[in-house]
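> Just dropping this structure here.
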Amino acid sequence: MEMNFAIFKPALERQIQSWFWLNNFMRPWILSLEKLVEVHGTDIVIDLVGFNERYTDRYFKGQIDQVAPRMIDRVLKDNLGHFLKHTGYQGYVFQIIIRGRGMSYTKTLNVKNPDWA
């Protein structure tokens with residue numbers, strides 16, 4: 001299912017960065033959008049070094065397994081479906097990796113285009 005999704009890499013990176021920026025709760029904690037999001041094939045890497053260290057210590061330290069799934073649901077899940085809608089894909093499986101500051105969380109996310117659901 002890899003097909004030609006690589007041509008959308010720059011657009012997907014910028015789109016994910018904008019979703020984080022548009023989140024009023026997360027915006028004040030963002031230090032660098034470029035460091036925050038990377039896309040490698042089907043892997044979407046959210047690097048916590050893109051956030052202020054106080055934010056990651058407060059919300060992620062020792063509880064990444066509880067906080068990371070909520071972040072994925074709030075910021076990525078529905079928005080990725082709408083991204084697929086605009087690119088014409090029916091569905092796609094993404095590997096979401098949240099890492100940084102000695103922590104790591106990985107989740108496989110099966111995303112469906114809302115028009116095909």
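Letters A, B, ... go to the chains of the structure tokens in the order shown; residues in each chain start at 1; ligands are counted from 1 in the same order.
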Step one, run DSSP on the backbone; step two, keep only residues of stretch 8-114 of chain A assigned to strand (DSSP E or B); then write them as a ChimeraX atom specification.
/A:30,37-40,43-47,51,91-100,103-112
> I need the residue nearest A:Phe94 from this list: A:Phe5, A:Trp116, A:Phe25, A:Trp19. Use only C-alpha atoms for the distance.
A:Phe5
> If you measure from atom CA of A:Asp73 to atom CA of A:Arg99, what distance in Å do you get, rounded to one decimal?
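Between these atoms lies a distance of 16.6 Å.
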> Expressed in Å to a single decimal, how great is the separation between atom CA of A:Pro69 and atom CA of A:Leu48?
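These atoms are spaced 14.3 Å apart.
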> I want to know what sits within 10 Å of A:Glu53, based on only C-alpha atoms, with residues of the same chain fewer than 3 positions away left out; could you give that as a list in words?
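The residues that qualify are Trp29, Ile30, Leu31, Leu48, Val49, Gly50, Thr56, Asp57, Arg58 and Arg101 of chain A.
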> Smallest atom-to-atom distance to A:Val67: which of A:Leu84, A:Tyr105, A:Asp43, A:Tyr92, using only C-alpha atoms?
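Among A:Leu84, A:Tyr105, A:Asp43, A:Tyr92, it is A:Tyr105 that comes nearest to A:Val67.
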